[in-house]
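Engineer: One file: target-v2.cif (mmCIF, C-alpha atoms and all ligand atoms).
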data_data
loop_
_atom_site.label_atom_id
_atom_site.label_comp_id
_atom_site.auth_asym_id
_atom_site.auth_seq_id
_atom_site.Cartn_x
_atom_site.Cartn_y
_atom_site.Cartn_z
CA MET J 16 0.00 0.00 0.00
CA SER J 17 2.57 2.58 -1.08
CA ASP J 18 -0.09 5.28 -1.53
CA VAL J 19 -0.79 5.15 2.23
CA VAL J 20 2.63 6.73 2.88
CA GLY J 21 1.38 10.07 1.58
CA LEU J 22 -1.73 10.36 3.79
CA ARG J 23 -1.64 13.68 5.53
CA ALA J 24 -4.14 15.39 7.86
CA CYS J 25 -3.95 18.34 10.22
CA ILE J 26 -5.65 20.58 12.76
CA MET J 27 -6.29 24.09 11.44
CA GLY J 28 -6.68 26.81 14.05
CA HIS J 29 -5.22 29.95 15.57
CA PRO J 30 -3.61 29.58 18.00
CA VAL J 31 -3.14 25.87 17.43
CA ALA J 32 0.04 24.79 19.21
CA GLN J 33 -2.00 23.89 22.32
CA SER J 34 -4.10 21.33 20.42
CA ARG J 35 -3.76 17.73 21.55
CA SER J 36 -5.23 16.38 18.30
CA PRO J 37 -1.78 15.60 16.79
CA MET J 38 -0.93 13.63 19.93
CA LEU J 39 -4.08 11.55 19.81
CA HIS J 40 -4.08 10.92 16.05
CA GLY J 41 -0.35 10.17 16.30
CA TYR J 42 -1.18 7.51 18.89
CA TRP J 43 -3.67 5.82 16.52
CA LEU J 44 -1.32 6.11 13.51
CA ALA J 45 1.41 4.31 15.48
CA GLN J 46 -1.04 1.78 16.95
CA HIS J 47 -2.25 0.78 13.49
CA GLY J 48 1.14 1.02 11.78
CA ILE J 49 -0.11 3.64 9.31
CA ALA J 50 2.62 5.77 7.72
CA GLY J 51 0.47 8.92 7.73
CA ARG J 52 0.98 12.28 9.37
CA TYR J 53 -1.25 14.57 11.41
CA GLU J 54 0.14 18.06 11.94
CA HIS J 55 -0.55 21.43 13.55
CA MET J 56 -1.43 24.10 10.96
CA ASP J 57 -1.57 27.65 12.25
CA VAL J 58 -3.99 29.48 9.95
CA ALA J 59 -4.36 33.25 10.45
CA PRO J 60 -7.80 34.38 11.71
CA ASP J 61 -9.01 35.71 8.35
CA GLY J 62 -6.96 33.33 6.25
CA PHE J 63 -8.99 30.14 6.17
CA ALA J 64 -10.44 30.44 2.65
CA ALA J 65 -7.03 31.21 1.15
CA PHE J 66 -5.35 28.40 3.08
CA PHE J 67 -8.00 25.89 2.08
CA LYS J 68 -7.60 26.68 -1.64
CA GLY J 69 -4.16 25.05 -1.46
CA PHE J 70 -5.24 22.18 0.78
CA ALA J 71 -5.44 19.40 -1.83
CA ALA J 72 -2.28 20.56 -3.60
CA ALA J 73 -0.44 20.37 -0.27
CA GLY J 74 -1.34 16.68 -0.13
CA PHE J 75 -3.91 16.78 2.65
CA SER J 76 -6.67 14.18 2.65
CA GLY J 77 -8.54 16.15 5.31
CA GLY J 78 -8.30 17.60 8.75
CA ASN J 79 -9.90 19.14 11.79
CA VAL J 80 -10.96 22.74 12.12
CA THR J 81 -10.91 24.60 15.40
CA ALA J 82 -11.35 28.18 16.62
CA PRO J 83 -11.64 30.62 14.96
CA HIS J 84 -12.30 28.80 11.66
CA LYS J 85 -15.29 26.55 12.34
CA VAL J 86 -17.76 28.93 10.68
CA ALA J 87 -15.45 29.99 7.80
CA ALA J 88 -15.06 26.30 6.95
CA LEU J 89 -18.82 26.04 6.27
CA ALA J 90 -18.40 28.12 3.12
CA ALA J 91 -15.05 26.67 2.07
CA VAL J 92 -16.17 23.05 1.57
CA ASP J 93 -18.35 21.69 -1.27
CA ARG J 94 -20.90 19.90 0.88
CA LEU J 95 -21.94 19.71 4.54
CA ASP J 96 -23.13 16.74 6.56
CA GLU J 97 -26.37 17.10 8.53
CA ALA J 98 -24.68 17.84 11.84
CA ALA J 99 -22.49 20.62 10.41
CA ARG J 100 -25.48 22.16 8.66
CA VAL J 101 -27.71 22.18 11.73
CA ILE J 102 -24.99 23.12 14.23
CA GLY J 103 -23.62 25.77 11.86
CA ALA J 104 -19.98 24.82 12.30
CA VAL J 105 -17.46 22.43 10.71
CA ASN J 106 -14.85 20.64 12.79
CA THR J 107 -13.88 17.82 10.41
CA ILE J 108 -13.14 17.89 6.66
CA TRP J 109 -12.69 14.91 4.38
CA ARG J 110 -12.65 14.01 0.71
CA GLU J 111 -15.37 12.09 -1.12
CA GLY J 112 -14.29 11.67 -4.75
CA ASP J 113 -13.76 15.20 -6.08
CA THR J 114 -15.72 16.74 -3.23
CA TRP J 115 -14.63 18.24 0.07
CA VAL J 116 -17.16 17.43 2.79
CA GLY J 117 -17.43 19.44 6.00
CA GLY J 118 -18.80 17.57 8.98
CA ASN J 119 -19.33 18.18 12.66
CA THR J 120 -18.25 15.36 14.97
CA ASP J 121 -18.49 17.42 18.18
CA ALA J 122 -22.06 16.19 18.68
CA HIS J 123 -20.90 12.59 18.22
CA GLY J 124 -18.03 13.18 20.66
CA PHE J 125 -20.38 14.74 23.17
CA ILE J 126 -22.84 11.85 23.24
CA ALA J 127 -20.32 9.01 22.80
CA ASN J 128 -18.41 10.24 25.84
CA LEU J 129 -21.58 10.49 27.90
CA ASP J 130 -22.71 7.01 26.81
CA GLU J 131 -19.28 5.57 27.62
CA LEU J 132 -18.86 7.10 31.07
CA ALA J 133 -22.48 7.05 32.26
CA PRO J 134 -23.98 4.15 30.25
CA ASP J 135 -27.62 4.34 31.39
CA TRP J 136 -27.72 8.09 31.91
CA ASP J 137 -30.79 8.44 29.68
CA ALA J 138 -32.90 5.66 31.19
CA GLY J 139 -36.12 7.57 31.82
CA ALA J 140 -34.37 10.91 31.27
CA ARG J 141 -36.60 13.65 29.80
CA HIS J 142 -35.13 17.03 30.74
CA ALA J 143 -31.66 18.44 30.12
CA VAL J 144 -30.22 21.81 31.06
CA VAL J 145 -27.44 23.17 28.87
CA LEU J 146 -25.46 26.01 30.43
CA GLY J 147 -24.09 28.30 27.71
CA ALA J 148 -25.22 29.24 24.22
CA GLY J 149 -22.07 29.09 22.05
CA GLY J 150 -20.96 26.53 19.45
CA ALA J 151 -20.49 23.74 21.97
CA ALA J 152 -24.02 24.31 23.29
CA ARG J 153 -25.39 23.95 19.75
CA ALA J 154 -23.65 20.58 19.34
CA ALA J 155 -25.00 19.42 22.71
CA ILE J 156 -28.57 20.57 21.97
CA TYR J 157 -28.48 18.95 18.51
CA THR J 158 -27.57 15.55 19.89
CA LEU J 159 -29.69 15.67 23.06
CA ARG J 160 -32.79 16.39 20.98
CA LYS J 161 -31.95 13.38 18.82
CA ARG J 162 -32.19 11.34 22.03
CA GLY J 163 -35.63 12.86 22.65
CA LEU J 164 -34.70 15.11 25.57
CA GLU J 165 -36.27 18.49 26.09
CA VAL J 166 -33.53 21.07 26.59
CA ALA J 167 -33.52 24.27 28.63
CA VAL J 168 -30.70 26.58 27.50
CA VAL J 169 -29.49 28.77 30.34
CA ASN J 170 -27.09 31.56 29.50
CA ARG J 171 -25.62 34.73 30.99
CA THR J 172 -26.85 36.57 27.89
CA LEU J 173 -30.50 35.54 27.63
CA ASP J 174 -30.85 36.77 24.02
CA LYS J 175 -28.36 34.17 22.80
CA ALA J 176 -30.25 31.39 24.58
CA THR J 177 -33.52 32.64 23.08
CA GLU J 178 -31.93 32.69 19.61
CA LEU J 179 -30.93 29.03 20.00
CA ALA J 180 -34.38 28.04 21.25
CA VAL J 181 -36.10 29.74 18.31
CA TYR J 182 -33.63 28.13 15.89
CA PHE J 183 -34.04 24.58 17.16
CA ASN J 184 -37.80 24.82 17.71
CA ALA J 185 -38.16 25.57 13.99
CA LEU J 186 -36.68 22.11 13.32
CA PRO J 187 -38.55 18.89 14.06
CA GLY J 188 -37.79 17.40 17.47
CA ALA J 189 -38.09 17.93 21.22
CA ALA J 190 -38.76 21.41 22.61
CA VAL J 191 -35.98 23.82 23.52
CA SER J 192 -36.58 26.63 26.00
CA ALA J 193 -34.44 29.60 27.03
CA LEU J 194 -33.87 30.77 30.57
CA ALA J 195 -31.89 33.46 32.31
CA MET J 196 -29.30 32.37 34.89
CA ASP J 197 -31.51 33.71 37.66
CA ASP J 198 -34.23 31.23 36.71
CA LEU J 199 -32.00 28.16 36.72
CA ALA J 200 -33.13 26.99 40.17
CA SER J 201 -36.71 26.71 38.91
CA VAL J 202 -35.85 23.94 36.42
CA LEU J 203 -33.11 22.09 38.32
CA PRO J 204 -35.49 19.90 40.40
CA LYS J 205 -36.79 18.18 37.23
CA THR J 206 -33.43 18.09 35.40
CA ASP J 207 -32.02 14.64 34.54
CA LEU J 208 -28.84 15.90 32.85
CA LEU J 209 -26.97 19.13 33.56
CA VAL J 210 -24.32 20.12 31.02
CA ASN J 211 -21.80 22.94 31.27
CA THR J 212 -20.67 24.32 27.91
CA THR J 213 -19.59 27.71 29.25
CA VAL J 214 -15.95 28.59 29.80
CA LEU J 215 -16.52 28.78 33.56
CA GLY J 216 -14.05 26.55 35.40
CA MET J 217 -11.61 26.40 32.49
CA LEU J 218 -7.96 27.08 33.25
CA GLY J 219 -7.46 30.84 33.06
CA LYS J 220 -11.21 31.62 33.15
CA PRO J 221 -13.47 32.55 36.08
CA ALA J 222 -14.39 29.76 38.51
CA PHE J 223 -17.70 27.93 38.11
CA ASP J 224 -19.89 29.83 40.56
CA ILE J 225 -23.39 28.64 39.61
CA ASP J 226 -25.48 27.15 42.42
CA ILE J 227 -26.67 23.62 41.54
CA SER J 228 -28.04 22.71 44.98
CA ALA J 229 -31.63 22.46 43.64
CA LEU J 230 -30.62 19.78 41.08
CA LYS J 231 -32.61 16.52 41.06
CA SER J 232 -30.61 14.03 43.13
CA SER J 233 -30.52 11.37 40.37
CA ALA J 234 -29.20 13.81 37.75
CA THR J 235 -25.99 13.24 35.80
CA VAL J 236 -23.63 16.24 35.61
CA TYR J 237 -21.46 16.68 32.51
CA ASP J 238 -18.76 19.34 32.21
CA ILE J 239 -17.26 19.59 28.73
CA VAL J 240 -14.33 21.55 30.16
CA TYR J 241 -11.29 19.23 30.40
CA VAL J 242 -8.47 21.58 31.38
CA PRO J 243 -8.31 21.09 34.30
CA LEU J 244 -9.54 17.48 34.30
CA GLU J 245 -11.35 17.89 37.62
CA THR J 246 -13.39 21.07 37.40
CA GLY J 247 -15.12 22.95 40.20
CA LEU J 248 -18.52 21.88 38.83
CA LEU J 249 -17.54 18.20 38.85
CA ARG J 250 -16.19 18.49 42.41
CA GLN J 251 -19.37 20.22 43.56
CA ALA J 252 -21.56 17.61 41.82
CA CYS J 253 -19.52 14.68 43.20
CA ALA J 254 -19.84 16.04 46.70
CA ARG J 255 -23.61 16.15 46.24
CA GLY J 256 -23.65 12.49 45.10
CA HIS J 257 -24.30 13.07 41.39
CA ARG J 258 -22.83 10.89 38.70
CA VAL J 259 -20.28 13.03 36.85
CA VAL J 260 -18.75 13.01 33.36
CA GLY J 261 -15.68 15.05 32.39
CA GLY J 262 -15.04 16.58 28.99
CA LEU J 263 -11.81 14.87 27.88
CA GLY J 264 -13.69 11.96 26.30
CA MET J 265 -15.57 14.40 24.07
CA LEU J 266 -12.22 15.41 22.53
CA LEU J 267 -11.20 11.75 22.17
CA HIS J 268 -14.48 10.56 20.64
CA GLN J 269 -14.91 13.49 18.24
CA ALA J 270 -11.61 12.45 16.68
CA VAL J 271 -12.76 8.91 15.80
CA PRO J 272 -14.84 9.59 12.63
CA GLY J 273 -12.14 11.87 11.16
CA PHE J 274 -9.38 9.31 11.62
CA GLN J 275 -11.52 6.69 9.91
CA ARG J 276 -12.23 8.99 6.95
CA TRP J 277 -8.62 10.05 6.41
CA PHE J 278 -6.73 6.87 7.25
CA GLY J 279 -9.29 4.12 6.58
CA VAL J 280 -9.30 2.47 10.01
CA LEU J 281 -11.92 2.86 12.74
CA PRO J 282 -9.85 3.65 15.86
CA THR J 283 -10.79 2.94 19.48
CA VAL J 284 -10.67 5.26 22.48
CA THR J 285 -8.49 3.04 24.68
CA ALA J 286 -7.69 3.46 28.37
CA GLU J 287 -4.04 3.87 27.36
CA LEU J 288 -4.88 6.78 25.01
CA ARG J 289 -7.01 8.45 27.65
CA GLN J 290 -4.17 8.07 30.19
CA MET J 291 -1.62 9.53 27.78
CA ILE J 292 -3.66 12.68 27.19
CA GLU J 293 -4.58 12.97 30.89
CA ASP J 294 -0.87 12.77 31.81
CA ASP J 295 -0.09 15.53 29.32
CA ILE J 296 -2.82 17.78 30.73
CA ARG J 297 -1.73 17.12 34.33
CA ALA J 298 1.91 17.82 33.45
CA LYS J 299 0.93 21.17 31.95
CA THR J 300 -1.55 22.21 34.67
CA SER J 301 0.26 21.06 37.82
CA GLY J 302 1.68 24.00 39.67
CA ALA J 303 0.14 26.34 37.09
P1 LIG J 401 -17.93 27.75 22.39
O1 LIG J 401 -18.12 28.02 20.93
O2 LIG J 401 -16.72 26.94 22.72
O3 LIG J 401 -19.16 27.21 23.04
P2 LIG J 401 -18.34 30.58 23.01
O4 LIG J 401 -19.14 30.71 21.79
O5 LIG J 401 -17.29 31.58 23.28
O6 LIG J 401 -17.56 29.16 23.06
O7 LIG J 401 -19.33 30.47 24.25
C1 LIG J 401 -18.89 30.64 25.53
C2 LIG J 401 -20.08 30.52 26.49
O8 LIG J 401 -19.57 30.76 27.81
C3 LIG J 401 -21.19 31.52 26.24
O9 LIG J 401 -22.42 30.91 26.53
C4 LIG J 401 -20.87 32.60 27.26
O10 LIG J 401 -21.98 33.36 27.70
P3 LIG J 401 -22.43 34.70 26.93
O11 LIG J 401 -23.24 34.24 25.75
O12 LIG J 401 -23.24 35.45 27.93
O13 LIG J 401 -21.17 35.42 26.53
C5 LIG J 401 -20.35 31.78 28.41
N1 LIG J 401 -19.55 32.59 29.35
C6 LIG J 401 -18.35 33.13 29.10
N2 LIG J 401 -17.90 33.80 30.20
C7 LIG J 401 -18.87 33.67 31.14
C8 LIG J 401 -19.04 34.12 32.49
N3 LIG J 401 -18.08 34.86 33.09
N4 LIG J 401 -20.16 33.80 33.15
C9 LIG J 401 -21.13 33.06 32.56
N5 LIG J 401 -21.04 32.59 31.29
C10 LIG J 401 -19.93 32.89 30.59
#
Is it possible to give me this structure as structure tokens?

Structural biologist:
Amino acid sequence: MSDVVGLRACIMGHPVAQSRSPMLHGYWLAQHGIAGRYEHMDVAPDGFAAFFKGFAAAGFSGGNVTAPHKVAALAAVDRLDEAARVIGAVNTIWREGDTWVGGNTDAHGFIANLDELAPDWDAGARHAVVLGAGGAARAAIYTLRKRGLEVAVVNRTLDKATELAVYFNALPGAAVSALAMDDLASVLPKTDLLVNTTVLGMLGKPAFDIDISALKSSATVYDIVYVPLETGLLRQACARGHRVVGGLGMLLHQAVPGFQRWFGVLPTVTAELRQMIEDDIRAKTSGA
């Protein structure tokens, strides 16, 4: 298979050096003995379209897209998958014949991680609360509705939550409502899944300071923040006896479909891979 030697993929972002995608795809390339490459590509904030014009000529068979290019990538590709179209952002690009396809695997990563770490989380679950109204919230709402859950979007800026509710309610599926932070306590007692998609609790951002004491005792709590690995929300939820799910697995699982498209092998999120990335995060956050 001499043509396999040339397979090349990358993560396009700005800044991009902090991305752990090359580490995790590198792990799978080595595990499967594939002579491909997965590289960091720093693409200037307004330079995505120009960069992407030379993508095929540079030998890339696809790649991931991260901030700030996830919306610019929508227009750069030839076709979108359903998730990218509904979520309004592309995080994975691959080739189908002469066509560049833009997909969104964040929703897959979100739900696959939840299913892996809290297997029966949705048994009888009907109501989810999503904190935040950015791109990550859209991916979460998209996939939670597919599981039939009603979603309340709770955001510091109520207008953005309302915008998301109006947008999703125009599509078939479970109802989405919008709430201001001050009204969170009114829905927590019936909430089966609480998700944080805000930056609160992230390294270098304000601490998670939202009161979750009214949350239904059987609820699962999911923080998509994974730097640090143990966030303030997860500590608070653990102390209250909730089942908790951290965000690292979302990163790991969102990478699976891309690797399969570019390199032709369906990879597995192994305990060893998870440990490797956790060790890297701990090494970079300890004493920080
Ligand atoms: P992403 O695309 O990764 O979801 P984003 O679009 O920047 O990131 O969204 C960040 C989210 O964190 C938003 O919901 C934001 O709330 P606003 O819409 O009010 O800006 C939320 N957020 C950021 N800082 C916050 C803070 N100090 N308190 C509460 N929410 C905050």

Engineer: Quick one: residues within 9 Å of J:Val242, all atoms listed in the file, excluding same-chain residues fewer than 5 positions away - as number ranges by chain?

Structural biologist: J: 216-218, 262-263, 296-297, 300

Engineer: Work out how far apart atom CA of J:Leu281 and atom CA of J:Met56 are and give it in Å to one decimal.

Structural biologist: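 So the answer is 23.8 Å.
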
Engineer: Around (-28.0, 17.1, 8.8) in the file's own coordinates, what residues are found within 12 Å if you use only C-alpha atoms, given back as a list of chain:residue names?

Structural biologist: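 Within the cut-off we find J:Arg94, J:Leu95, J:Asp96, J:Glu97, J:Ala98, J:Ala99, J:Arg100, J:Val101, J:Ile102, J:Gly103, J:Ala104, J:Val105, J:Gly117, J:Gly118, J:Asn119, J:Thr120, J:Ala122, J:Ala154, J:Tyr157, J:Thr158, J:Lys161, J:Leu186, J:Pro187.
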
Engineer: Please determine the residues with any atom at most 9 Å from (-15.7, 13.5, 25.1) (coordinates as given in the file, with all atoms listed in the file counting) and report them as a list in words.

Structural biologist: Asp121, His123, Gly124, Phe125, Ile126, Ala127, Asn128, Leu129, Ile239, Tyr241, Val260, Gly261, Gly262, Leu263, Gly264, Met265, Leu266, Leu267, His268 and Gln269 of chain J

Engineer: Could I get the residue neighbourhood of ligand LIG 401 (chain J) at 10 Å, counting all atoms listed in the file, as a VMD selection string?

Structural biologist: chain J and resid 81 to 83 85 104 145 to 155 168 to 176 195 to 196 211 to 217 220 to 225 239 to 240

Engineer: Return the single residue from J:Val236, J:Ala167, J:Leu248, J:Ala180 that is closest to J:Val202, with distances computed using all atoms listed in the file.

Structural biologist: J:Ala167

Engineer: Considering only C-alpha atoms, state which residue in the set J:Asp137, J:Asp238, J:Glu111, J:Glu178 is at the smallest distance from J:Thr206.

Structural biologist: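 Checking each of J:Asp137, J:Asp238, J:Glu111, J:Glu178 against J:Thr206, counting only C-alpha atoms, the winner is J:Asp137.
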
Engineer: Let me make sure I understand: among J:Ala190, J:Leu164, J:Ala72, J:Ile49, which one has the smallest atom-to-atom distance to J:Val280 if we use only C-alpha atoms?

Structural biologist: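 The answer is J:Ile49, which sits nearest to J:Val280.
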
Engineer: Considering all atoms listed in the file, return as a PDB file with C-alpha atoms, in the frame of the given file whatever protein or nucleic-acid residues lie within 12 Å of J:Ala59, sequence-local ones (same chain, fewer than 3 positions apart) excluded.

Structural biologist:
ATOM      1  CA  MET J  27      -6.290  24.090  11.440  1.00  0.00           C
ATOM      2  CA  GLY J  28      -6.680  26.810  14.050  1.00  0.00           C
ATOM      3  CA  HIS J  29      -5.220  29.950  15.570  1.00  0.00           C
ATOM      4  CA  PRO J  30      -3.610  29.580  18.000  1.00  0.00           C
ATOM      5  CA  VAL J  31      -3.140  25.870  17.430  1.00  0.00           C
ATOM      6  CA  MET J  56      -1.430  24.100  10.960  1.00  0.00           C
ATOM      7  CA  GLY J  62      -6.960  33.330   6.250  1.00  0.00           C
ATOM      8  CA  PHE J  63      -8.990  30.140   6.170  1.00  0.00           C
ATOM      9  CA  ALA J  64     -10.440  30.440   2.650  1.00  0.00           C
ATOM     10  CA  ALA J  65      -7.030  31.210   1.150  1.00  0.00           C
ATOM     11  CA  PHE J  66      -5.350  28.400   3.080  1.00  0.00           C
ATOM     12  CA  PHE J  67      -8.000  25.890   2.080  1.00  0.00           C
ATOM     13  CA  THR J  81     -10.910  24.600  15.400  1.00  0.00           C
ATOM     14  CA  ALA J  82     -11.350  28.180  16.620  1.00  0.00           C
ATOM     15  CA  PRO J  83     -11.640  30.620  14.960  1.00  0.00           C
ATOM     16  CA  HIS J  84     -12.300  28.800  11.660  1.00  0.00           C
ATOM     17  CA  ALA J  87     -15.450  29.990   7.800  1.00  0.00           C
TER      18      ALA J  87
END

Engineer: Counting all atoms listed in the file, which of J:Gly256, J:Ile108, J:Pro243, J:Ile292 gets nearest to J:Pro37?

Structural biologist: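 Under the stated criterion, the closest residue is J:Ile292.
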
Engineer: Using all atoms listed in the file, which of J:Pro204, J:Gly163, J:Gly77, J:Pro134 sits nearest J:Ala189?

Structural biologist: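 Using all atoms listed in the file, the shortest distance to J:Ala189 belongs to J:Gly163.
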
Engineer: Please return stretch 24-53 of chain J, rebuilt to N, CA and C atoms, as an mmCIF file, in the frame of the given file.

Structural biologist:
data_model
loop_
_atom_site.group_PDB
_atom_site.id
_atom_site.type_symbol
_atom_site.label_atom_id
_atom_site.label_comp_id
_atom_site.auth_asym_id
_atom_site.auth_seq_id
_atom_site.Cartn_x
_atom_site.Cartn_y
_atom_site.Cartn_z
ATOM 1 N N ALA J 24 -3.007 14.645 7.300
ATOM 2 C CA ALA J 24 -4.140 15.390 7.860
ATOM 3 C C ALA J 24 -3.594 16.395 8.869
ATOM 4 N N CYS J 25 -4.452 17.290 9.332
ATOM 5 C CA CYS J 25 -3.950 18.340 10.220
ATOM 6 C C CYS J 25 -5.081 18.942 11.042
ATOM 7 N N ILE J 26 -4.702 19.736 12.029
ATOM 8 C CA ILE J 26 -5.650 20.580 12.760
ATOM 9 C C ILE J 26 -5.371 22.020 12.360
ATOM 10 N N MET J 27 -6.417 22.702 11.883
ATOM 11 C CA MET J 27 -6.290 24.090 11.440
ATOM 12 C C MET J 27 -6.924 25.006 12.488
ATOM 13 N N GLY J 28 -6.151 25.905 13.036
ATOM 14 C CA GLY J 28 -6.680 26.810 14.050
ATOM 15 C C GLY J 28 -5.736 27.964 14.274
ATOM 16 N N HIS J 29 -6.100 28.832 15.200
ATOM 17 C CA HIS J 29 -5.220 29.950 15.570
ATOM 18 C C HIS J 29 -5.629 30.500 16.934
ATOM 19 N N PRO J 30 -4.865 30.334 17.992
ATOM 20 C CA PRO J 30 -3.610 29.580 18.000
ATOM 21 C C PRO J 30 -3.906 28.089 17.915
ATOM 22 N N VAL J 31 -2.879 27.303 17.631
ATOM 23 C CA VAL J 31 -3.140 25.870 17.430
ATOM 24 C C VAL J 31 -2.126 24.984 18.159
ATOM 25 N N ALA J 32 -1.036 25.584 18.605
ATOM 26 C CA ALA J 32 0.040 24.790 19.210
ATOM 27 C C ALA J 32 -0.442 24.003 20.436
ATOM 28 N N GLN J 33 -1.507 24.538 21.104
ATOM 29 C CA GLN J 33 -2.000 23.890 22.320
ATOM 30 C C GLN J 33 -2.833 22.644 22.028
ATOM 31 N N SER J 34 -3.187 22.429 20.767
ATOM 32 C CA SER J 34 -4.100 21.330 20.420
ATOM 33 C C SER J 34 -3.466 19.968 20.686
ATOM 34 N N ARG J 35 -4.237 19.092 21.291
ATOM 35 C CA ARG J 35 -3.760 17.730 21.550
ATOM 36 C C ARG J 35 -4.166 16.767 20.442
ATOM 37 N N SER J 36 -4.811 17.270 19.392
ATOM 38 C CA SER J 36 -5.230 16.380 18.300
ATOM 39 C C SER J 36 -4.046 15.655 17.646
ATOM 40 N N PRO J 37 -2.904 16.335 17.382
ATOM 41 C CA PRO J 37 -1.780 15.600 16.790
ATOM 42 C C PRO J 37 -1.312 14.456 17.692
ATOM 43 N N MET J 38 -1.345 14.678 19.014
ATOM 44 C CA MET J 38 -0.930 13.630 19.930
ATOM 45 C C MET J 38 -1.861 12.417 19.844
ATOM 46 N N LEU J 39 -3.174 12.688 19.794
ATOM 47 C CA LEU J 39 -4.080 11.550 19.810
ATOM 48 C C LEU J 39 -4.153 10.846 18.453
ATOM 49 N N HIS J 40 -4.110 11.600 17.359
ATOM 50 C CA HIS J 40 -4.080 10.920 16.050
ATOM 51 C C HIS J 40 -2.746 10.218 15.844
ATOM 52 N N GLY J 41 -1.665 10.812 16.371
ATOM 53 C CA GLY J 41 -0.350 10.170 16.300
ATOM 54 C C GLY J 41 -0.343 8.826 17.017
ATOM 55 N N TYR J 42 -1.061 8.765 18.136
ATOM 56 C CA TYR J 42 -1.180 7.510 18.890
ATOM 57 C C TYR J 42 -1.829 6.439 18.021
ATOM 58 N N TRP J 43 -2.952 6.811 17.355
ATOM 59 C CA TRP J 43 -3.670 5.820 16.520
ATOM 60 C C TRP J 43 -2.855 5.446 15.274
ATOM 61 N N LEU J 44 -2.152 6.419 14.687
ATOM 62 C CA LEU J 44 -1.320 6.110 13.510
ATOM 63 C C LEU J 44 -0.265 5.062 13.880
ATOM 64 N N ALA J 45 0.380 5.266 15.042
ATOM 65 C CA ALA J 45 1.410 4.310 15.480
ATOM 66 C C ALA J 45 0.774 2.963 15.826
ATOM 67 N N GLN J 46 -0.375 3.007 16.523
ATOM 68 C CA GLN J 46 -1.040 1.780 16.950
ATOM 69 C C GLN J 46 -1.398 0.895 15.744
ATOM 70 N N HIS J 47 -1.816 1.542 14.662
ATOM 71 C CA HIS J 47 -2.250 0.780 13.490
ATOM 72 C C HIS J 47 -1.168 0.658 12.422
ATOM 73 N N GLY J 48 0.021 1.145 12.724
ATOM 74 C CA GLY J 48 1.140 1.020 11.780
ATOM 75 C C GLY J 48 0.889 1.733 10.460
ATOM 76 N N ILE J 49 0.192 2.875 10.530
ATOM 77 C CA ILE J 49 -0.110 3.640 9.310
ATOM 78 C C ILE J 49 0.960 4.731 9.150
ATOM 79 N N ALA J 50 1.546 4.791 7.964
ATOM 80 C CA ALA J 50 2.620 5.770 7.720
ATOM 81 C C ALA J 50 2.037 7.110 7.287
ATOM 82 N N GLY J 51 1.055 7.622 8.032
ATOM 83 C CA GLY J 51 0.470 8.920 7.730
ATOM 84 C C GLY J 51 0.998 9.967 8.698
ATOM 85 N N ARG J 52 0.570 11.178 8.478
ATOM 86 C CA ARG J 52 0.980 12.280 9.370
ATOM 87 C C ARG J 52 -0.231 13.098 9.764
ATOM 88 N N TYR J 53 -0.198 13.662 10.950
ATOM 89 C CA TYR J 53 -1.250 14.570 11.410
ATOM 90 C C TYR J 53 -0.535 15.738 12.088
#
